[in-house]
Amino acid sequence: MIMMSTWACLIIFALIIPLLFVFTPPRHPREIPSVPFWVTLLPVLFDVDQQQIFEQYIATRLYRHGAIKLFFAGQWNIIVERPEFISEVLKREQIYNKSGNQKKIPHSVLADFLGDHVLAAGSNIISARGEEWRCYRTIIKPGLQKVIDTKRIIDNTRKLRETFRQMQGKSIQKGIPIQEILQRYSSANLLCCIFDCPELGSQMMSMEHDVLLHTTQLTLKRYLFRPIFMNFPVLDRLASVIPSRAKARRLIRQFSELLQAEVIPSSGKKLQNGENANCLGDRLRSAWRDGTLNTKQLRDNLNVLYVAGQENPQLLMVSSLYLLGKHSEIQEYLREKIKDLSISNLDDLDWRSLPYLTATILECLRLLPPISQLVNRHVAEPACLGGRMHIPRGTYIGYNSYATNRDPVAWGPDANDFRPERWGSTDEQISRKYRSAKARAEFISFHGGSRACLGEKFALLQMRISLFVLARAFRWELDPEWKDQMTPAGPLHPRGVRLVFKKL
Ligand code: HEM
């Protein structure tokens, strides 16, 4: 009996000591508080969303100290909120090394999905650094920053309007779920404009058409962002005993193969027609053919470009329609500003010359940034952030753009309010405000510094066109039966939002 209890004690001891080690916040940096470990468990155990958790357990500490220690993705990290701290992190890349999932959580399903898997040499434009990153950027940047053919986006947007019209016609008074439709729409824009695959793009916009790439991605997302695995990616190592994780890995392989086959065909029409120097797929393929990229690097970059290029604009559209549905007075004002424009041909419109439309989009991006939290910097040597915060080597550091974009010092006491006017009333004022807020890292939705988003212009163009067309066609509101809540983990956005569209 005594022997048994000694063994039991030893086992408990052996289990508890490492757990205590993992769950106890690190002592350094001493200057900032930590969010208790159990807060991480809340979305796993209860029906709470990320916004509630932020407001209740994180906001006060974060705004008071400018940074906190937070348990996330299986480890303690520093989350920085104060803009000047973020500026410093972005500028001093030699100390705060860009470090993607392949280094941070190498065996996770997420690393696998975003094309960072450690088992073979590779990485992607978002997670690489130094020479490798410069090489990817030379290949990819011209494919993303070319002049976009607006006709293709306008065409997809008209189809989107028709889809909403038809779906609403079938379920009068009931809200329609918008996320899947917008996923098709942003995929179609990316395929048509960036990858030069108009046929696949057109299939995406036809709701009767089951596009395997789309359905695989949808199913995959259901498996990917489960709170327990986001917080404890170590569980992803147990794919052999957790069937859902094994399934997630299978779906990732399937998605990746499909994407490559669709976007980078190794034979067929596109090759016969010769390669297009501005088509991203062609650029990646020729870099692979001449040996600049190996097969793994081709796959990794393609995956991340498709996901970043499609998912982020989709999330922004979902959140913007949600915010405008919730704030009908702003939606109405926006409509007033654009409804009387006599436009014979939408292609001729200078999309930048609609100040209130631009201000509304920036305000949506500020309040609900698609990438609300990003932890991907590894501290390469002992550092002193802001001249006072001593950070040990090996720490992971990141930022919470949801918090910084609402910083009361930068944005004033009404930082949480949806107020497009804060950006200014003319194009010039808005551009100036936008540039200065980005330069000071007060607006961090598109990251910043040398690693700022390369798809920003394309994303904003899609947003301008879609909001313009939809606001002239409908008045929409939140479905009163939909529970107004955000996602519990992963990208922060209204969860399964449903809208009621009324034809004008
Ligand atoms: C509203 C839409 C978008 C938002 C909010 C957004 C946000 C971001 C953020 C936060 C980063 C930094 C990521 C990191 O460091 O881990 C980033 C990087 C990047 N984004 Fe976007 N993005 C959007 C749309 C797009 C689109 C449409 C594309 C491509 C078609 C794109 C391509 C990229 C690339 C290539 C990078 C890496 C830049 C580098 O490190 O050199 N993004 N984006």
# chains A, B, ... in the order shown; residues from 1 in each chain; ligands from 1
call {"tool": "residues_around", "arguments": {"residues": "His214 (chain A)", "least_positions_apart": "5", "cutoff": "9 Å", "atoms": "only C-alpha atoms", "output": "PyMOL selection string"}}
result
chain A and resi 183-184+187+204+219+255
call {"tool": "write_last_selection", "arguments": {"atoms": "C-alpha atoms", "output": "PDB file, in the first residue's frame"}}
result
ATOM      1  CA  GLN A 183     -14.882  32.876 -49.980  1.00  0.00           C
ATOM      2  CA  ARG A 184     -15.880  31.954 -53.524  1.00  0.00           C
ATOM      3  CA  SER A 187     -10.989  33.111 -54.601  1.00  0.00           C
ATOM      4  CA  MET A 204     -16.007  29.649 -58.379  1.00  0.00           C
ATOM      5  CA  THR A 219     -13.680  21.449 -45.007  1.00  0.00           C
ATOM      6  CA  PHE A 255      -5.722  20.923 -51.149  1.00  0.00           C
TER       7      PHE A 255
END
call {"tool": "residues_around", "arguments": {"residues": "Asp407 (chain A)", "least_positions_apart": "6", "cutoff": "9 Å", "atoms": "only C-alpha atoms", "output": "list in words"}}
result
Tyr63, Glu81, Arg82, Pro83, Pro413, Ala415, Asn416 and Glu442 of chain A
call {"tool": "residues_around", "arguments": {"residues": "region 456-463 of chain A", "least_positions_apart": "4", "cutoff": "8 Å", "atoms": "only C-alpha atoms", "output": "list in words"}}
result
Leu144, Gln145, Ile148, Ile153, Asn189, Pro313, Met317, Trp351, Ile361, Phe446 and Leu467 of chain A
call {"tool": "write_last_selection", "arguments": {"atoms": "N, CA and C atoms", "output": "compact mmCIF listing (two decimals), in the first residue's frame"}}
result
# COMPACT_ATOMS: atom_id res chain seq x y z
N LEU A 144 2.19 40.30 -57.96
CA LEU A 144 1.14 40.82 -57.08
C LEU A 144 0.87 42.30 -57.31
N GLN A 145 1.90 43.00 -57.76
CA GLN A 145 1.74 44.46 -57.82
C GLN A 145 1.60 44.97 -59.25
N ILE A 148 -3.97 45.78 -62.16
CA ILE A 148 -5.04 44.77 -62.11
C ILE A 148 -6.13 45.11 -63.13
N ILE A 153 -12.79 41.94 -61.79
CA ILE A 153 -13.37 42.06 -60.43
C ILE A 153 -14.82 42.55 -60.54
N ASN A 189 -11.61 36.31 -57.54
CA ASN A 189 -10.81 37.50 -57.87
C ASN A 189 -9.33 37.15 -57.95
N PRO A 313 -8.73 39.01 -47.76
CA PRO A 313 -9.80 39.86 -48.32
C PRO A 313 -11.19 39.33 -47.96
N MET A 317 -14.09 41.41 -46.01
CA MET A 317 -15.43 41.64 -46.56
C MET A 317 -16.50 41.21 -45.56
N TRP A 351 -11.47 54.57 -58.67
CA TRP A 351 -11.94 54.03 -57.40
C TRP A 351 -11.37 54.75 -56.19
N ILE A 361 -13.77 51.71 -45.52
CA ILE A 361 -13.00 50.46 -45.60
C ILE A 361 -11.85 50.49 -44.58
N PHE A 446 -1.89 45.75 -42.06
CA PHE A 446 -1.11 45.19 -43.17
C PHE A 446 0.35 44.99 -42.77
N LEU A 467 -17.97 46.87 -52.10
CA LEU A 467 -18.86 47.70 -51.27
C LEU A 467 -19.67 48.67 -52.14
call {"tool": "residues_around", "arguments": {"residues": "Leu258 (chain A)", "least_positions_apart": "4", "cutoff": "10 Å", "atoms": "only C-alpha atoms", "output": "mmCIF file with C-alpha atoms, in the first residue's frame"}}
result
data_model
loop_
_atom_site.group_PDB
_atom_site.id
_atom_site.type_symbol
_atom_site.label_atom_id
_atom_site.label_comp_id
_atom_site.auth_asym_id
_atom_site.auth_seq_id
_atom_site.Cartn_x
_atom_site.Cartn_y
_atom_site.Cartn_z
ATOM 1 C CA LEU A 212 -13.194 20.817 -55.473
ATOM 2 C CA LEU A 213 -10.484 23.320 -54.532
ATOM 3 C CA HIS A 214 -13.099 25.428 -52.754
ATOM 4 C CA THR A 216 -11.617 21.064 -49.817
ATOM 5 C CA ILE A 252 -3.931 19.679 -46.558
ATOM 6 C CA ARG A 253 -2.175 17.332 -48.967
ATOM 7 C CA GLN A 254 -5.256 17.150 -51.135
ATOM 8 C CA GLU A 262 -5.101 24.067 -61.198
ATOM 9 C CA VAL A 263 -2.821 27.049 -60.973
ATOM 10 C CA ILE A 264 0.506 25.751 -62.253
#
call {"tool": "residues_around", "arguments": {"residues": "Cys197 (chain A)", "least_positions_apart": "4", "cutoff": "9 Å", "atoms": "only C-alpha atoms", "output": "count of residues only"}}
result
9
call {"tool": "closest_residue", "arguments": {"among": "A:Pro106, A:Pro25, A:Pro494, A:Gly386", "to": "Gln75 (chain A)", "atoms": "only C-alpha atoms"}}
result
A:Pro25
call {"tool": "residues_around", "arguments": {"residues": "region 364-376 of chain A", "least_positions_apart": "5", "cutoff": "6 Å", "atoms": "only C-alpha atoms", "output": "list in words"}}
result
Lys98, Ser99, Gly100, Asn312, Leu315, Leu316, Ser320, Ile397, Gly398, Tyr399, Asn400, Ser401, Tyr402, Asn405, Ser445 and Pro491 of chain A
call {"tool": "residues_around", "arguments": {"residues": "region 127-137 of chain A", "least_positions_apart": "2", "cutoff": "9 Å", "atoms": "only C-alpha atoms", "output": "ChimeraX atom specification"}}
result
/A:97-102,116,123-125,139-142,292-293,301,376
call {"tool": "write_last_selection", "arguments": {"atoms": "N, CA and C atoms", "output": "PDB file, in the first residue's frame"}}
result
ATOM      1  N   ASN A  97      14.059  38.518 -35.169  1.00  0.00           N
ATOM      2  CA  ASN A  97      14.056  37.776 -36.448  1.00  0.00           C
ATOM      3  C   ASN A  97      12.671  37.296 -36.824  1.00  0.00           C
ATOM      4  N   LYS A  98      12.319  37.510 -38.085  1.00  0.00           N
ATOM      5  CA  LYS A  98      11.081  36.915 -38.605  1.00  0.00           C
ATOM      6  C   LYS A  98      11.223  35.404 -38.467  1.00  0.00           C
ATOM      7  N   SER A  99      10.232  34.760 -37.929  1.00  0.00           N
ATOM      8  CA  SER A  99      10.359  33.321 -37.698  1.00  0.00           C
ATOM      9  C   SER A  99       8.985  32.676 -37.814  1.00  0.00           C
ATOM     10  N   GLY A 100       8.786  31.932 -38.866  1.00  0.00           N
ATOM     11  CA  GLY A 100       7.456  31.388 -39.138  1.00  0.00           C
ATOM     12  C   GLY A 100       7.157  30.124 -38.365  1.00  0.00           C
ATOM     13  N   ASN A 101       6.027  29.547 -38.706  1.00  0.00           N
ATOM     14  CA  ASN A 101       5.576  28.351 -37.991  1.00  0.00           C
ATOM     15  C   ASN A 101       6.541  27.182 -38.129  1.00  0.00           C
ATOM     16  N   GLN A 102       7.334  27.163 -39.203  1.00  0.00           N
ATOM     17  CA  GLN A 102       8.232  26.018 -39.401  1.00  0.00           C
ATOM     18  C   GLN A 102       9.283  25.968 -38.304  1.00  0.00           C
ATOM     19  N   ASP A 116       4.980  25.426 -44.379  1.00  0.00           N
ATOM     20  CA  ASP A 116       6.232  25.646 -43.665  1.00  0.00           C
ATOM     21  C   ASP A 116       6.811  24.356 -43.135  1.00  0.00           C
ATOM     22  N   SER A 123      10.246  26.928 -47.347  1.00  0.00           N
ATOM     23  CA  SER A 123       9.664  27.959 -46.500  1.00  0.00           C
ATOM     24  C   SER A 123       8.943  28.869 -47.484  1.00  0.00           C
ATOM     25  N   ASN A 124       8.344  29.930 -46.985  1.00  0.00           N
ATOM     26  CA  ASN A 124       7.599  30.758 -47.931  1.00  0.00           C
ATOM     27  C   ASN A 124       7.933  32.222 -47.743  1.00  0.00           C
ATOM     28  N   ILE A 125       7.385  33.044 -48.619  1.00  0.00           N
ATOM     29  CA  ILE A 125       7.733  34.472 -48.604  1.00  0.00           C
ATOM     30  C   ILE A 125       7.358  35.147 -47.287  1.00  0.00           C
ATOM     31  N   ILE A 139      10.720  37.039 -57.182  1.00  0.00           N
ATOM     32  CA  ILE A 139       9.838  36.252 -58.053  1.00  0.00           C
ATOM     33  C   ILE A 139       8.386  36.719 -57.913  1.00  0.00           C
ATOM     34  N   ILE A 140       7.977  36.966 -56.684  1.00  0.00           N
ATOM     35  CA  ILE A 140       6.539  37.120 -56.413  1.00  0.00           C
ATOM     36  C   ILE A 140       6.009  38.554 -56.566  1.00  0.00           C
ATOM     37  N   LYS A 141       6.793  39.520 -56.125  1.00  0.00           N
ATOM     38  CA  LYS A 141       6.270  40.897 -56.079  1.00  0.00           C
ATOM     39  C   LYS A 141       5.691  41.385 -57.420  1.00  0.00           C
ATOM     40  N   PRO A 142       6.386  41.216 -58.555  1.00  0.00           N
ATOM     41  CA  PRO A 142       5.787  41.717 -59.809  1.00  0.00           C
ATOM     42  C   PRO A 142       4.448  41.048 -60.134  1.00  0.00           C
ATOM     43  N   THR A 292      15.566  27.909 -59.484  1.00  0.00           N
ATOM     44  CA  THR A 292      15.626  28.918 -58.405  1.00  0.00           C
ATOM     45  C   THR A 292      14.794  28.448 -57.198  1.00  0.00           C
ATOM     46  N   LEU A 293      13.687  27.777 -57.484  1.00  0.00           N
ATOM     47  CA  LEU A 293      12.857  27.212 -56.398  1.00  0.00           C
ATOM     48  C   LEU A 293      12.884  25.695 -56.509  1.00  0.00           C
ATOM     49  N   ASN A 301       5.241  28.288 -51.211  1.00  0.00           N
ATOM     50  CA  ASN A 301       4.884  29.654 -51.600  1.00  0.00           C
ATOM     51  C   ASN A 301       3.494  29.710 -52.207  1.00  0.00           C
ATOM     52  N   ASN A 376       5.289  36.174 -34.674  1.00  0.00           N
ATOM     53  CA  ASN A 376       6.244  35.489 -35.546  1.00  0.00           C
ATOM     54  C   ASN A 376       7.625  36.148 -35.567  1.00  0.00           C
TER      55      ASN A 376
END
call {"tool": "atom_distance", "arguments": {"atom1": "CA of Tyr434 (chain A)", "atom2": "atom 5 (C, counted along the ligand's line) of ligand 1"}}
result
14.2 Å
call {"tool": "select_by_dssp", "arguments": {"residues": "region 37-262 of chain A", "states": "strand (DSSP E or B)", "output": "PyMOL selection string"}}
result
chain A and resi 67-72+75-80+96-98+176-177
call {"tool": "closest_residue", "arguments": {"among": "A:Pro43, A:Gly387, A:Gly169, A:Pro265", "to": "Phe85 (chain A)", "atoms": "only C-alpha atoms"}}
result
A:Gly387
call {"tool": "closest_residue", "arguments": {"among": "A:Leu357, A:Ala248, A:Ile79, A:Leu90", "to": "Asp112 (chain A)", "atoms": "only C-alpha atoms"}}
result
A:Ala248
call {"tool": "closest_atom_pairs", "arguments": {"of": "region 154-207 of chain A", "to": "region 476-490 of chain A", "cutoff": "9 Å", "atoms": "only C-alpha atoms", "output": "CSV"}}
result
residue,atom,partner,partner_atom,distance
A:Gln173,CA,A:Asp479,CA,8.4
A:Lys174,CA,A:Asp479,CA,6.7
A:Gly175,CA,A:Asp479,CA,4.9
A:Ile176,CA,A:Asp479,CA,8.0
call {"tool": "atom_distance", "arguments": {"atom1": "CA of Asp47 (chain A)", "atom2": "CA of Gln314 (chain A)"}}
result
24.5 Å
call {"tool": "closest_residue", "arguments": {"among": "A:Glu311, A:Glu428, A:Glu421, A:Glu329", "to": "ligand 1", "atoms": "only C-alpha atoms and all ligand atoms"}}
result
A:Glu311
